[in-house]
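Data block for run.txt (compact mmCIF, C-alpha atoms):
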```
# COMPACT_ATOMS: atom_id res chain seq x y z
CA MET R 119 -23.19 4.18 -9.48
CA GLY R 120 -20.79 3.97 -6.55
CA LYS R 121 -17.04 4.20 -6.40
CA ALA R 122 -14.90 1.25 -7.51
CA ILE R 123 -13.58 -0.80 -4.60
CA ARG R 124 -9.98 -0.29 -5.70
CA ASP R 125 -10.42 3.49 -5.68
CA ALA R 126 -11.95 3.37 -2.21
CA TYR R 127 -9.10 1.11 -1.06
CA GLY R 128 -6.40 3.51 -2.27
CA GLU R 129 -8.14 6.51 -0.74
CA ALA R 130 -8.62 4.67 2.57
CA LEU R 131 -4.91 3.83 2.70
CA VAL R 132 -4.05 7.51 2.35
CA LYS R 133 -6.66 8.49 4.95
CA TYR R 134 -5.45 5.99 7.55
CA GLY R 135 -1.83 6.72 6.71
CA ALA R 136 -2.43 10.29 7.86
CA THR R 137 -3.71 9.13 11.24
CA ASN R 138 -1.15 6.42 12.00
CA GLN R 139 2.56 6.73 11.24
CA ASN R 140 3.00 2.97 11.77
CA ILE R 141 1.03 2.05 8.65
CA VAL R 142 3.19 0.87 5.77
CA VAL R 143 2.17 -0.54 2.40
CA LEU R 144 3.91 -3.48 0.79
CA ASP R 145 3.24 -3.90 -2.91
CA ALA R 146 4.06 -6.55 -5.50
CA ASP R 147 3.94 -4.47 -8.71
CA LEU R 148 0.18 -3.94 -8.48
CA SER R 149 0.04 -0.39 -7.13
CA GLY R 150 -1.70 0.90 -10.23
CA SER R 151 -4.35 -1.79 -10.13
CA THR R 152 -4.96 -1.64 -6.38
CA LYS R 153 -4.55 2.15 -6.22
CA SER R 154 -2.01 1.77 -3.43
CA ALA R 155 0.12 4.09 -5.58
CA LEU R 156 -1.90 6.91 -4.00
CA PHE R 157 -0.37 5.99 -0.64
CA GLY R 158 3.08 5.69 -2.23
CA ALA R 159 2.82 9.17 -3.71
CA LYS R 160 1.80 10.69 -0.37
CA TYR R 161 4.06 8.61 1.91
CA PRO R 162 7.01 7.34 -0.17
CA ASP R 163 9.02 6.51 2.96
CA ARG R 164 6.33 4.02 4.03
CA PHE R 165 5.65 2.42 0.64
CA PHE R 166 7.66 -0.61 -0.45
CA ASN R 167 7.34 -2.14 -3.90
CA VAL R 168 9.05 -5.52 -3.83
CA GLY R 169 8.34 -6.35 -7.46
CA ILE R 170 7.10 -9.79 -8.39
CA ALA R 171 8.43 -11.37 -5.22
CA GLU R 172 5.46 -12.25 -3.06
CA ALA R 173 7.45 -14.65 -0.86
CA ASN R 174 9.91 -11.87 -0.05
CA MET R 175 7.01 -9.53 0.66
CA THR R 176 5.63 -12.04 3.16
CA ALA R 177 9.00 -12.16 4.92
CA MET R 178 9.10 -8.35 5.00
CA ALA R 179 5.61 -8.25 6.52
CA ALA R 180 6.74 -10.65 9.23
CA GLY R 181 9.73 -8.44 9.92
CA PHE R 182 7.57 -5.33 10.17
CA ALA R 183 5.22 -7.14 12.56
```

Let me see the file written as structure tokens.
Amino acid sequence: MGKAIRDAYGEALVKYGATNQNIVVLDADLSGSTKSALFGAKYPDRFFNVGIAEANMTAMAAGFA
């Protein structure tokens, strides 16, 4: 059986984070479920957990853009 999508997602974030310093991850308290915690562990300066505040996360994404 293949790899779970969430595992592949977390690993891909880490892989692409190594190739592009402009990649950041915004998280809404789901880093364990989405495996984005892997990125946060490797690149803590580019990982932002906003808690359960999706509207604020959207505003942050607009600011980063």

Exercise. If you count only C-alpha atoms, which residues fall within 7 Å of stretch 148-165 of chain R, apart from same-chain ones fewer than 4 positions away, as a list in words?
Worked result: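 After dropping sequence-adjacent residues, the list is Arg124, Asp125, Tyr127, Gly128, Leu131, Val132, Val142, Val143 and Leu144 of chain R.
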
Exercise. R:Gly135, R:Ala146, R:Ile141, R:Ala130: which is nearest R:Ile170, counting all atoms listed in the file?
Worked result: R:Ala146

For this session: Could you check which of R:Ile123, R:Tyr134, R:Asp147, R:Asn140 is closest to R:Phe182, using all atoms listed in the file?
Result: R:Asn140

Problem set entry | Point-to-point distance in Å for atom CA of R:Asp145 and atom CA of R:Glu172 |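 If I compute the distance from atom CA of R:Glu172 to atom CA of R:Asp145, I get 8.6 Å.
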
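The closest residue to R:Met178, picked from R:Gln139, R:Ala126, R:Phe166, R:Gly120 and counting only C-alpha atoms, is R:Phe166.
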
Exercise. What gap, in Å, lies between atom CA of R:Gly181 and atom CA of R:Asn138?
Worked result: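 Here the two named atoms are 18.5 Å from each other.
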
Please supply stretch 140-173 of chain R, rebuilt with N, CA and C atoms, as an mmCIF file, keeping the file's coordinate frame.
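Result written to selection_37.cif:
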```cif
data_model
loop_
_atom_site.group_PDB
_atom_site.id
_atom_site.type_symbol
_atom_site.label_atom_id
_atom_site.label_comp_id
_atom_site.auth_asym_id
_atom_site.auth_seq_id
_atom_site.Cartn_x
_atom_site.Cartn_y
_atom_site.Cartn_z
ATOM 1 N N ASN R 140 2.512 4.352 11.805
ATOM 2 C CA ASN R 140 3.000 2.970 11.770
ATOM 3 C C ASN R 140 2.483 2.181 10.574
ATOM 4 N N ILE R 141 1.574 2.753 9.815
ATOM 5 C CA ILE R 141 1.030 2.050 8.650
ATOM 6 C C ILE R 141 2.032 2.123 7.514
ATOM 7 N N VAL R 142 2.356 0.960 6.970
ATOM 8 C CA VAL R 142 3.190 0.870 5.770
ATOM 9 C C VAL R 142 2.420 0.057 4.736
ATOM 10 N N VAL R 143 2.786 0.223 3.483
ATOM 11 C CA VAL R 143 2.170 -0.540 2.400
ATOM 12 C C VAL R 143 3.256 -1.322 1.688
ATOM 13 N N LEU R 144 3.037 -2.614 1.565
ATOM 14 C CA LEU R 144 3.910 -3.480 0.790
ATOM 15 C C LEU R 144 3.177 -3.816 -0.501
ATOM 16 N N ASP R 145 3.872 -3.721 -1.609
ATOM 17 C CA ASP R 145 3.240 -3.900 -2.910
ATOM 18 C C ASP R 145 4.065 -4.843 -3.771
ATOM 19 N N ALA R 146 3.389 -5.615 -4.599
ATOM 20 C CA ALA R 146 4.060 -6.550 -5.500
ATOM 21 C C ALA R 146 3.746 -6.181 -6.956
ATOM 22 N N ASP R 147 4.143 -4.988 -7.348
ATOM 23 C CA ASP R 147 3.940 -4.470 -8.710
ATOM 24 C C ASP R 147 2.473 -4.353 -9.116
ATOM 25 N N LEU R 148 1.598 -4.095 -8.163
ATOM 26 C CA LEU R 148 0.180 -3.940 -8.480
ATOM 27 C C LEU R 148 -0.375 -2.603 -7.999
ATOM 28 N N SER R 149 0.496 -1.650 -7.730
ATOM 29 C CA SER R 149 0.040 -0.390 -7.130
ATOM 30 C C SER R 149 -0.909 0.389 -8.038
ATOM 31 N N GLY R 150 -0.769 0.237 -9.326
ATOM 32 C CA GLY R 150 -1.700 0.900 -10.230
ATOM 33 C C GLY R 150 -3.074 0.255 -10.203
ATOM 34 N N SER R 151 -3.088 -1.056 -10.152
ATOM 35 C CA SER R 151 -4.350 -1.790 -10.130
ATOM 36 C C SER R 151 -5.081 -1.671 -8.807
ATOM 37 N N THR R 152 -4.335 -1.693 -7.710
ATOM 38 C CA THR R 152 -4.960 -1.640 -6.380
ATOM 39 C C THR R 152 -5.106 -0.224 -5.865
ATOM 40 N N LYS R 153 -4.550 0.732 -6.596
ATOM 41 C CA LYS R 153 -4.550 2.150 -6.220
ATOM 42 C C LYS R 153 -3.742 2.431 -4.958
ATOM 43 N N SER R 154 -2.899 1.493 -4.562
ATOM 44 C CA SER R 154 -2.010 1.770 -3.430
ATOM 45 C C SER R 154 -0.931 2.776 -3.826
ATOM 46 N N ALA R 155 -0.814 3.062 -5.113
ATOM 47 C CA ALA R 155 0.120 4.090 -5.580
ATOM 48 C C ALA R 155 -0.230 5.453 -4.982
ATOM 49 N N LEU R 156 -1.502 5.659 -4.656
ATOM 50 C CA LEU R 156 -1.900 6.910 -4.000
ATOM 51 C C LEU R 156 -1.182 7.070 -2.669
ATOM 52 N N PHE R 157 -1.089 5.979 -1.918
ATOM 53 C CA PHE R 157 -0.370 5.990 -0.640
ATOM 54 C C PHE R 157 1.114 6.228 -0.903
ATOM 55 N N GLY R 158 1.662 5.543 -1.903
ATOM 56 C CA GLY R 158 3.080 5.690 -2.230
ATOM 57 C C GLY R 158 3.452 7.108 -2.621
ATOM 58 N N ALA R 159 2.556 7.789 -3.308
ATOM 59 C CA ALA R 159 2.820 9.170 -3.710
ATOM 60 C C ALA R 159 2.814 10.106 -2.499
ATOM 61 N N LYS R 160 1.936 9.836 -1.555
ATOM 62 C CA LYS R 160 1.800 10.690 -0.370
ATOM 63 C C LYS R 160 2.834 10.361 0.707
ATOM 64 N N TYR R 161 3.144 9.064 0.859
ATOM 65 C CA TYR R 161 4.060 8.610 1.910
ATOM 66 C C TYR R 161 5.126 7.675 1.321
ATOM 67 N N PRO R 162 6.026 8.205 0.500
ATOM 68 C CA PRO R 162 7.010 7.340 -0.170
ATOM 69 C C PRO R 162 7.946 6.615 0.797
ATOM 70 N N ASP R 163 8.143 7.162 1.991
ATOM 71 C CA ASP R 163 9.020 6.510 2.960
ATOM 72 C C ASP R 163 8.361 5.316 3.645
ATOM 73 N N ARG R 164 7.053 5.138 3.428
ATOM 74 C CA ARG R 164 6.330 4.020 4.030
ATOM 75 C C ARG R 164 5.695 3.115 2.978
ATOM 76 N N PHE R 165 6.166 3.224 1.749
ATOM 77 C CA PHE R 165 5.650 2.420 0.640
ATOM 78 C C PHE R 165 6.790 1.595 0.062
ATOM 79 N N PHE R 166 6.608 0.297 0.009
ATOM 80 C CA PHE R 166 7.660 -0.610 -0.450
ATOM 81 C C PHE R 166 7.135 -1.479 -1.577
ATOM 82 N N ASN R 167 7.701 -1.304 -2.764
ATOM 83 C CA ASN R 167 7.340 -2.140 -3.900
ATOM 84 C C ASN R 167 8.428 -3.194 -4.044
ATOM 85 N N VAL R 168 8.068 -4.432 -3.801
ATOM 86 C CA VAL R 168 9.050 -5.520 -3.830
ATOM 87 C C VAL R 168 9.135 -6.188 -5.194
ATOM 88 N N GLY R 169 8.361 -5.709 -6.158
ATOM 89 C CA GLY R 169 8.340 -6.350 -7.460
ATOM 90 C C GLY R 169 7.564 -7.661 -7.395
ATOM 91 N N ILE R 170 7.814 -8.509 -8.356
ATOM 92 C CA ILE R 170 7.100 -9.790 -8.390
ATOM 93 C C ILE R 170 7.854 -10.763 -7.502
ATOM 94 N N ALA R 171 7.708 -10.564 -6.214
ATOM 95 C CA ALA R 171 8.430 -11.370 -5.220
ATOM 96 C C ALA R 171 7.562 -11.504 -3.970
ATOM 97 N N GLU R 172 6.425 -12.154 -4.143
ATOM 98 C CA GLU R 172 5.460 -12.250 -3.060
ATOM 99 C C GLU R 172 6.017 -12.948 -1.826
ATOM 100 N N ALA R 173 6.855 -13.949 -2.010
ATOM 101 C CA ALA R 173 7.450 -14.650 -0.860
ATOM 102 C C ALA R 173 8.327 -13.700 -0.056
#
```
